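Structure first, commentary second.
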Amino acid sequence: MISILLLVVLTASVCASLSVKVRQISYQAEENSNVMMEWIFRPNLTLTVLNIYCAFWLSDDRTSRTLYHLQDGVEHPESQHEQFAGRVHFDQNDFRNGLIRLHLSRLRSNDSGIYQCQVFSGENEGGSECLLNVTAARTQSTAEKTKPSSLGMICLLVGSGLLLESISLFCAPLCMDTFLLNESPPSGKMSSPQSEPPSADQGRLDPLQHLCSD
(Lines give C-alpha, C1' and ligand atoms only; values in the text may rest on other atoms or scores of the structure.)
Protein backbone atom coordinates (compact mmCIF):
# COMPACT_ATOMS: atom_id res chain seq x y z
CA MET A 1 0.00 0.00 0.00
CA ILE A 2 2.81 2.36 0.92
CA SER A 3 4.63 1.61 -2.33
CA ILE A 4 1.48 2.39 -4.33
CA LEU A 5 1.10 5.73 -2.57
CA LEU A 6 4.76 6.56 -3.23
CA LEU A 7 4.29 5.74 -6.91
CA VAL A 8 1.27 8.01 -7.12
CA VAL A 9 3.13 10.84 -5.40
CA LEU A 10 6.17 10.47 -7.66
CA THR A 11 4.00 10.38 -10.78
CA ALA A 12 2.14 13.50 -9.66
CA SER A 13 5.38 15.30 -8.90
CA VAL A 14 6.78 14.43 -12.36
CA CYS A 15 3.64 15.66 -14.09
CA ALA A 16 3.61 18.79 -11.98
CA SER A 17 7.13 19.60 -13.10
CA LEU A 18 6.09 19.66 -16.77
CA SER A 19 7.80 22.66 -18.31
CA VAL A 20 7.94 24.18 -21.76
CA LYS A 21 10.68 26.57 -22.81
CA VAL A 22 11.17 28.34 -26.11
CA ARG A 23 14.60 28.11 -27.71
CA GLN A 24 14.75 31.89 -28.32
CA ILE A 25 12.26 34.60 -27.50
CA SER A 26 12.28 36.37 -30.88
CA TYR A 27 12.83 35.50 -34.52
CA GLN A 28 13.23 37.69 -37.58
CA ALA A 29 12.90 36.66 -41.21
CA GLU A 30 12.07 38.10 -44.62
CA GLU A 31 8.98 37.61 -46.71
CA ASN A 32 8.89 34.49 -48.90
CA SER A 33 11.57 32.82 -46.74
CA ASN A 34 11.19 30.00 -44.19
CA VAL A 35 11.63 29.93 -40.43
CA MET A 36 11.80 27.29 -37.71
CA MET A 37 10.71 28.07 -34.16
CA GLU A 38 11.59 25.58 -31.47
CA TRP A 39 10.30 24.67 -28.01
CA ILE A 40 11.64 22.18 -25.46
CA PHE A 41 9.40 20.36 -22.98
CA ARG A 42 10.31 18.11 -20.06
CA PRO A 43 9.82 15.38 -19.15
CA ASN A 44 9.58 13.39 -22.37
CA LEU A 45 6.13 11.93 -22.83
CA THR A 46 4.77 9.18 -25.01
CA LEU A 47 2.55 10.26 -27.88
CA THR A 48 -0.49 8.50 -26.46
CA VAL A 49 -0.62 10.87 -23.48
CA LEU A 50 0.73 13.94 -25.28
CA ASN A 51 -1.39 16.94 -26.18
CA ILE A 52 0.09 19.92 -28.02
CA TYR A 53 -1.66 23.10 -29.00
CA CYS A 54 0.16 25.85 -30.95
CA ALA A 55 -1.51 29.16 -31.71
CA PHE A 56 -0.76 32.46 -33.36
CA TRP A 57 -1.82 35.62 -31.54
CA LEU A 58 -2.59 38.84 -33.37
CA SER A 59 -1.17 42.14 -32.23
CA ASP A 60 -4.32 42.93 -30.24
CA ASP A 61 -3.51 40.00 -27.88
CA ARG A 62 -7.16 38.98 -28.01
CA THR A 63 -7.48 37.01 -31.21
CA SER A 64 -5.71 33.71 -31.73
CA ARG A 65 -5.50 31.39 -34.72
CA THR A 66 -4.72 27.70 -34.48
CA LEU A 67 -1.54 26.47 -36.12
CA TYR A 68 -1.39 22.92 -34.80
CA HIS A 69 -3.43 20.62 -32.60
CA LEU A 70 -2.31 17.21 -31.34
CA GLN A 71 -4.55 15.30 -28.94
CA ASP A 72 -3.48 11.97 -27.43
CA GLY A 73 -0.98 11.56 -30.24
CA VAL A 74 -3.54 12.23 -33.00
CA GLU A 75 -3.27 15.30 -35.24
CA HIS A 76 -6.32 17.42 -36.03
CA PRO A 77 -5.54 19.36 -39.23
CA GLU A 78 -9.13 20.53 -39.58
CA SER A 79 -8.61 22.92 -36.69
CA GLN A 80 -5.78 24.77 -38.46
CA HIS A 81 -6.57 28.32 -39.56
CA GLU A 82 -6.67 28.92 -43.31
CA GLN A 83 -3.89 31.53 -43.03
CA PHE A 84 -1.38 28.73 -42.39
CA ALA A 85 -2.83 26.05 -44.65
CA GLY A 86 -0.07 24.13 -46.40
CA ARG A 87 2.68 26.19 -44.76
CA VAL A 88 3.08 24.55 -41.33
CA HIS A 89 4.99 21.35 -40.64
CA PHE A 90 5.75 19.39 -37.46
CA ASP A 91 7.70 16.14 -37.08
CA GLN A 92 6.27 13.77 -34.50
CA ASN A 93 9.67 12.13 -34.08
CA ASP A 94 10.77 15.37 -32.41
CA PHE A 95 7.96 15.03 -29.87
CA ARG A 96 9.48 11.80 -28.58
CA ASN A 97 12.66 13.72 -27.82
CA GLY A 98 10.87 16.53 -26.01
CA LEU A 99 11.10 18.95 -28.95
CA ILE A 100 8.49 20.99 -30.77
CA ARG A 101 9.80 22.39 -34.03
CA LEU A 102 7.43 24.62 -35.92
CA HIS A 103 8.42 24.95 -39.58
CA LEU A 104 6.64 27.86 -41.26
CA SER A 105 7.30 28.37 -44.97
CA ARG A 106 6.65 31.13 -47.52
CA LEU A 107 6.41 33.82 -44.87
CA ARG A 108 4.04 36.74 -45.29
CA SER A 109 3.97 40.13 -43.64
CA ASN A 110 0.82 39.22 -41.69
CA ASP A 111 2.66 36.27 -40.11
CA SER A 112 4.29 38.72 -37.71
CA GLY A 113 3.07 38.21 -34.19
CA ILE A 114 3.28 35.99 -31.11
CA TYR A 115 3.52 32.20 -31.41
CA GLN A 116 2.60 30.09 -28.41
CA CYS A 117 2.92 26.37 -27.82
CA GLN A 118 1.28 24.55 -24.91
CA VAL A 119 1.82 20.98 -23.79
CA PHE A 120 -0.84 19.09 -21.79
CA SER A 121 -0.62 15.80 -19.98
CA GLY A 122 -3.47 14.89 -17.71
CA GLU A 123 -4.19 17.87 -15.47
CA ASN A 124 -0.76 19.39 -15.92
CA GLU A 125 0.33 21.78 -18.58
CA GLY A 126 3.11 24.10 -19.59
CA GLY A 127 3.61 26.67 -22.29
CA SER A 128 5.87 29.34 -23.68
CA GLU A 129 5.78 31.88 -26.48
CA CYS A 130 8.01 33.79 -28.86
CA LEU A 131 7.80 36.73 -31.23
CA LEU A 132 8.20 36.54 -35.00
CA ASN A 133 8.89 39.67 -37.03
CA VAL A 134 8.57 39.32 -40.80
CA THR A 135 10.23 42.11 -42.77
CA ALA A 136 9.86 43.05 -46.42
CA ALA A 137 12.17 41.24 -48.81
CA ARG A 138 15.15 43.31 -49.84
CA THR A 139 15.23 44.43 -53.47
CA GLN A 140 18.35 45.05 -55.54
CA SER A 141 19.26 48.69 -56.04
CA THR A 142 19.40 50.12 -59.55
CA ALA A 143 23.19 50.34 -59.37
CA GLU A 144 23.45 46.67 -58.43
CA LYS A 145 21.14 45.68 -61.26
CA THR A 146 23.09 47.63 -63.90
CA LYS A 147 26.54 46.74 -62.58
CA PRO A 148 27.85 43.76 -64.54
CA SER A 149 29.08 40.85 -62.56
CA SER A 150 32.72 39.81 -62.49
CA LEU A 151 31.89 36.74 -64.54
CA GLY A 152 30.10 38.92 -67.08
CA MET A 153 33.11 41.22 -67.37
CA ILE A 154 35.42 38.26 -67.92
CA CYS A 155 33.16 36.84 -70.62
CA LEU A 156 32.96 40.28 -72.26
CA LEU A 157 36.74 40.66 -72.32
CA VAL A 158 37.28 37.15 -73.62
CA GLY A 159 34.63 37.69 -76.30
CA SER A 160 36.23 40.96 -77.36
CA GLY A 161 39.65 39.29 -77.63
CA LEU A 162 38.26 36.49 -79.75
CA LEU A 163 36.50 39.01 -81.98
CA LEU A 164 39.70 41.00 -82.52
CA GLU A 165 41.64 37.84 -83.25
CA SER A 166 39.03 36.75 -85.81
CA ILE A 167 39.15 40.15 -87.51
CA SER A 168 42.95 40.06 -87.68
CA LEU A 169 42.94 36.56 -89.18
CA PHE A 170 40.38 37.63 -91.77
CA CYS A 171 42.14 40.86 -92.72
CA ALA A 172 45.71 39.48 -92.86
CA PRO A 173 45.36 37.83 -96.30
CA LEU A 174 43.70 40.93 -97.73
CA CYS A 175 46.48 43.16 -96.42
CA MET A 176 49.15 40.83 -97.85
CA ASP A 177 47.52 40.86 -101.29
CA THR A 178 47.36 44.65 -101.24
CA PHE A 179 51.03 44.81 -100.25
CA LEU A 180 52.11 42.52 -103.08
CA LEU A 181 50.14 44.52 -105.63
CA ASN A 182 51.81 47.73 -104.49
CA GLU A 183 55.29 46.19 -104.65
CA SER A 184 54.96 44.76 -108.24
CA PRO A 185 56.65 46.95 -111.01
CA PRO A 186 54.44 48.91 -113.42
CA SER A 187 53.72 47.59 -116.91
CA GLY A 188 56.27 48.52 -119.66
CA LYS A 189 59.21 48.48 -117.30
CA MET A 190 59.43 44.80 -116.91
CA SER A 191 63.05 43.70 -116.85
CA SER A 192 64.03 41.15 -119.44
CA PRO A 193 64.71 37.76 -118.06
CA GLN A 194 68.34 36.94 -117.61
CA SER A 195 69.88 34.60 -120.15
CA GLU A 196 70.34 31.14 -118.91
CA PRO A 197 73.92 30.26 -117.97
CA PRO A 198 75.64 27.99 -120.41
CA SER A 199 75.30 24.39 -119.68
CA ALA A 200 78.22 22.23 -118.89
CA ASP A 201 78.05 20.68 -122.38
CA GLN A 202 78.31 24.07 -124.08
CA GLY A 203 81.42 25.02 -122.17
CA ARG A 204 83.25 21.81 -123.09
CA LEU A 205 84.83 21.81 -126.72
CA ASP A 206 84.82 18.80 -128.94
CA PRO A 207 88.47 17.63 -129.44
CA LEU A 208 87.92 16.82 -133.12
CA GLN A 209 86.58 20.32 -133.71
CA HIS A 210 89.68 21.74 -132.07
CA LEU A 211 92.02 19.78 -134.33
CA CYS A 212 90.17 20.79 -137.45
CA SER A 213 90.39 24.38 -136.51
CA ASP A 214 94.15 24.11 -136.19
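Letters for chains follow the order of the C-alpha coordinates (A, B, ...), residue numbers begin at 1 for each chain, and ligand numbers begin at 1 in the order shown.
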
Per DSSP on the backbone, filter range 43-151 of chain A down to the residues in alpha helix (DSSP H) and report them as a PyMOL selection string. chain A and resi 92-96+142-146+150-151

Kindly give the distance, in Å, that separates CA of Glu30 in chain A and CA of Ile114 in chain A, rounded to a single decimal.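 Separation of CA of Glu30 in chain A and CA of Ile114 in chain A: 16.3 Å.
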
Mind listing the strand (DSSP E) residues of range 60-158 of chain A, per DSSP on the backbone, as number ranges by chain? A: 64-71, 74-75, 88-89, 99-104, 113-121, 124-135

Mind giving me the straight-line distance from CA of Gly126 in chain A to CA of Leu107 in chain A in Å, one decimal?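 Taking CA of Gly126 in chain A and CA of Leu107 in chain A, their separation equals 27.3 Å.
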
For range 69-84 of chain A, find every residue with an atom within 12 Å (counting only C-alpha atoms), except residues of its own chain fewer than 6 positions away, and show them as an mmCIF file with N, CA, C and O atoms, in the first residue's frame.
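The result, stored in around.cif:
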data_model
loop_
_atom_site.group_PDB
_atom_site.id
_atom_site.type_symbol
_atom_site.label_atom_id
_atom_site.label_comp_id
_atom_site.auth_asym_id
_atom_site.auth_seq_id
_atom_site.Cartn_x
_atom_site.Cartn_y
_atom_site.Cartn_z
ATOM 1 N N LEU A 45 7.385 12.651 -22.990
ATOM 2 C CA LEU A 45 6.128 11.935 -22.826
ATOM 3 C C LEU A 45 5.845 11.099 -24.065
ATOM 4 O O LEU A 45 6.239 11.455 -25.175
ATOM 5 N N THR A 46 5.170 9.993 -23.868
ATOM 6 C CA THR A 46 4.767 9.178 -25.009
ATOM 7 C C THR A 46 3.640 9.878 -25.758
ATOM 8 O O THR A 46 2.871 10.675 -25.189
ATOM 9 N N LEU A 47 3.537 9.580 -27.054
ATOM 10 C CA LEU A 47 2.546 10.263 -27.882
ATOM 11 C C LEU A 47 1.120 9.996 -27.415
ATOM 12 O O LEU A 47 0.238 10.861 -27.580
ATOM 13 N N THR A 48 0.881 8.847 -26.846
ATOM 14 C CA THR A 48 -0.495 8.498 -26.460
ATOM 15 C C THR A 48 -1.034 9.375 -25.340
ATOM 16 O O THR A 48 -2.258 9.477 -25.167
ATOM 17 N N VAL A 49 -0.150 9.999 -24.568
ATOM 18 C CA VAL A 49 -0.618 10.873 -23.478
ATOM 19 C C VAL A 49 -0.208 12.324 -23.732
ATOM 20 O O VAL A 49 -0.296 13.158 -22.834
ATOM 21 N N LEU A 50 0.221 12.609 -24.971
ATOM 22 C CA LEU A 50 0.734 13.935 -25.285
ATOM 23 C C LEU A 50 -0.320 14.766 -26.015
ATOM 24 O O LEU A 50 -0.944 14.312 -26.973
ATOM 25 N N ASN A 51 -0.487 15.991 -25.537
ATOM 26 C CA ASN A 51 -1.391 16.944 -26.178
ATOM 27 C C ASN A 51 -0.625 18.245 -26.410
ATOM 28 O O ASN A 51 -0.041 18.807 -25.470
ATOM 29 N N ILE A 52 -0.634 18.696 -27.647
ATOM 30 C CA ILE A 52 0.087 19.917 -28.015
ATOM 31 C C ILE A 52 -0.867 20.851 -28.741
ATOM 32 O O ILE A 52 -1.603 20.430 -29.649
ATOM 33 N N TYR A 53 -0.830 22.092 -28.329
ATOM 34 C CA TYR A 53 -1.658 23.104 -29.001
ATOM 35 C C TYR A 53 -0.780 24.333 -29.269
ATOM 36 O O TYR A 53 -0.234 24.934 -28.333
ATOM 37 N N CYS A 54 -0.634 24.686 -30.548
ATOM 38 C CA CYS A 54 0.157 25.853 -30.946
ATOM 39 C C CYS A 54 -0.761 26.862 -31.619
ATOM 40 O O CYS A 54 -1.563 26.494 -32.487
ATOM 41 N N ALA A 55 -0.623 28.120 -31.205
ATOM 42 C CA ALA A 55 -1.512 29.161 -31.707
ATOM 43 C C ALA A 55 -0.722 30.406 -32.064
ATOM 44 O O ALA A 55 0.391 30.643 -31.568
ATOM 45 N N PHE A 56 -1.322 31.185 -32.938
ATOM 46 C CA PHE A 56 -0.763 32.465 -33.359
ATOM 47 C C PHE A 56 -1.669 33.569 -32.830
ATOM 48 O O PHE A 56 -2.888 33.553 -33.032
ATOM 49 N N TRP A 57 -1.058 34.529 -32.136
ATOM 50 C CA TRP A 57 -1.816 35.623 -31.544
ATOM 51 C C TRP A 57 -1.590 36.901 -32.341
ATOM 52 O O TRP A 57 -0.451 37.265 -32.657
ATOM 53 N N PHE A 90 5.192 19.914 -38.699
ATOM 54 C CA PHE A 90 5.754 19.392 -37.458
ATOM 55 C C PHE A 90 6.189 17.948 -37.703
ATOM 56 O O PHE A 90 5.591 17.240 -38.515
ATOM 57 N N ASP A 91 7.221 17.527 -37.000
ATOM 58 C CA ASP A 91 7.697 16.144 -37.079
ATOM 59 C C ASP A 91 7.445 15.470 -35.732
ATOM 60 O O ASP A 91 7.999 15.877 -34.708
ATOM 61 N N GLN A 92 6.612 14.434 -35.751
ATOM 62 C CA GLN A 92 6.275 13.768 -34.497
ATOM 63 C C GLN A 92 7.463 13.052 -33.875
ATOM 64 O O GLN A 92 7.462 12.780 -32.667
ATOM 65 N N ASN A 93 8.466 12.742 -34.659
ATOM 66 C CA ASN A 93 9.668 12.132 -34.082
ATOM 67 C C ASN A 93 10.351 13.086 -33.102
ATOM 68 O O ASN A 93 10.995 12.654 -32.144
ATOM 69 N N PHE A 95 8.744 15.056 -31.113
ATOM 70 C CA PHE A 95 7.962 15.034 -29.870
ATOM 71 C C PHE A 95 8.493 13.977 -28.908
ATOM 72 O O PHE A 95 8.502 14.181 -27.681
ATOM 73 N N ARG A 96 8.949 12.879 -29.447
ATOM 74 C CA ARG A 96 9.477 11.802 -28.581
ATOM 75 C C ARG A 96 10.751 12.229 -27.867
ATOM 76 O O ARG A 96 11.100 11.659 -26.827
ATOM 77 N N ILE A 100 9.560 20.521 -29.888
ATOM 78 C CA ILE A 100 8.486 20.988 -30.771
ATOM 79 C C ILE A 100 9.126 21.954 -31.756
ATOM 80 O O ILE A 100 9.577 23.031 -31.364
ATOM 81 N N LEU A 102 8.437 24.066 -35.023
ATOM 82 C CA LEU A 102 7.432 24.616 -35.922
ATOM 83 C C LEU A 102 8.125 25.152 -37.171
ATOM 84 O O LEU A 102 8.882 26.122 -37.113
ATOM 85 N N HIS A 103 7.877 24.497 -38.299
ATOM 86 C CA HIS A 103 8.420 24.951 -39.583
ATOM 87 C C HIS A 103 7.323 25.728 -40.309
ATOM 88 O O HIS A 103 6.271 25.172 -40.637
ATOM 89 N N LEU A 104 7.592 26.997 -40.559
ATOM 90 C CA LEU A 104 6.642 27.860 -41.256
ATOM 91 C C LEU A 104 7.309 28.350 -42.538
ATOM 92 O O LEU A 104 8.362 28.987 -42.488
ATOM 93 N N SER A 105 6.695 28.047 -43.675
ATOM 94 C CA SER A 105 7.303 28.370 -44.974
ATOM 95 C C SER A 105 6.551 29.493 -45.671
ATOM 96 O O SER A 105 5.416 29.833 -45.316
ATOM 97 N N ARG A 106 7.219 30.073 -46.670
ATOM 98 C CA ARG A 106 6.650 31.133 -47.519
ATOM 99 C C ARG A 106 6.036 32.243 -46.658
ATOM 100 O O ARG A 106 4.848 32.532 -46.728
ATOM 101 N N LEU A 107 6.873 32.830 -45.848
ATOM 102 C CA LEU A 107 6.408 33.821 -44.875
ATOM 103 C C LEU A 107 5.729 35.015 -45.550
ATOM 104 O O LEU A 107 6.115 35.444 -46.631
ATOM 105 N N ARG A 108 4.748 35.552 -44.854
ATOM 106 C CA ARG A 108 4.037 36.743 -45.294
ATOM 107 C C ARG A 108 4.168 37.818 -44.215
ATOM 108 O O ARG A 108 4.502 37.533 -43.069
ATOM 109 N N SER A 109 3.866 39.028 -44.607
ATOM 110 C CA SER A 109 3.974 40.125 -43.638
ATOM 111 C C SER A 109 2.999 39.955 -42.486
ATOM 112 O O SER A 109 3.299 40.324 -41.343
ATOM 113 N N ASN A 110 1.812 39.378 -42.764
ATOM 114 C CA ASN A 110 0.823 39.215 -41.692
ATOM 115 C C ASN A 110 1.115 38.017 -40.795
ATOM 116 O O ASN A 110 0.326 37.701 -39.896
ATOM 117 N N ASP A 111 2.250 37.335 -41.022
ATOM 118 C CA ASP A 111 2.664 36.265 -40.106
ATOM 119 C C ASP A 111 3.374 36.818 -38.878
ATOM 120 O O ASP A 111 3.693 36.059 -37.957
ATOM 121 N N GLN A 116 2.641 30.752 -29.725
ATOM 122 C CA GLN A 116 2.602 30.094 -28.414
ATOM 123 C C GLN A 116 2.352 28.603 -28.593
ATOM 124 O O GLN A 116 1.507 28.182 -29.386
ATOM 125 N N CYS A 117 3.120 27.806 -27.844
ATOM 126 C CA CYS A 117 2.923 26.365 -27.822
ATOM 127 C C CYS A 117 2.667 25.915 -26.385
ATOM 128 O O CYS A 117 3.405 26.295 -25.469
ATOM 129 N N GLN A 118 1.628 25.090 -26.225
ATOM 130 C CA GLN A 118 1.278 24.554 -24.912
ATOM 131 C C GLN A 118 1.282 23.035 -24.980
ATOM 132 O O GLN A 118 0.865 22.432 -25.979
ATOM 133 N N VAL A 119 1.767 22.441 -23.900
ATOM 134 C CA VAL A 119 1.821 20.983 -23.789
ATOM 135 C C VAL A 119 0.959 20.557 -22.601
ATOM 136 O O VAL A 119 1.092 21.113 -21.497
ATOM 137 N N PHE A 120 0.075 19.569 -22.832
ATOM 138 C CA PHE A 120 -0.835 19.087 -21.791
ATOM 139 C C PHE A 120 -0.590 17.594 -21.568
ATOM 140 O O PHE A 120 -0.332 16.850 -22.513
ATOM 141 N N SER A 121 -0.675 17.209 -20.336
ATOM 142 C CA SER A 121 -0.619 15.796 -19.985
ATOM 143 C C SER A 121 -1.429 15.607 -18.709
ATOM 144 O O SER A 121 -0.994 16.013 -17.618
ATOM 145 N N GLY A 122 -2.581 15.017 -18.864
ATOM 146 C CA GLY A 122 -3.471 14.892 -17.711
ATOM 147 C C GLY A 122 -3.963 16.272 -17.278
ATOM 148 O O GLY A 122 -4.467 17.053 -18.074
#

Please, what distance in Å, to one decimal, runs between CA of Arg62 in chain A and CA of Gly98 in chain A? 28.9 Å
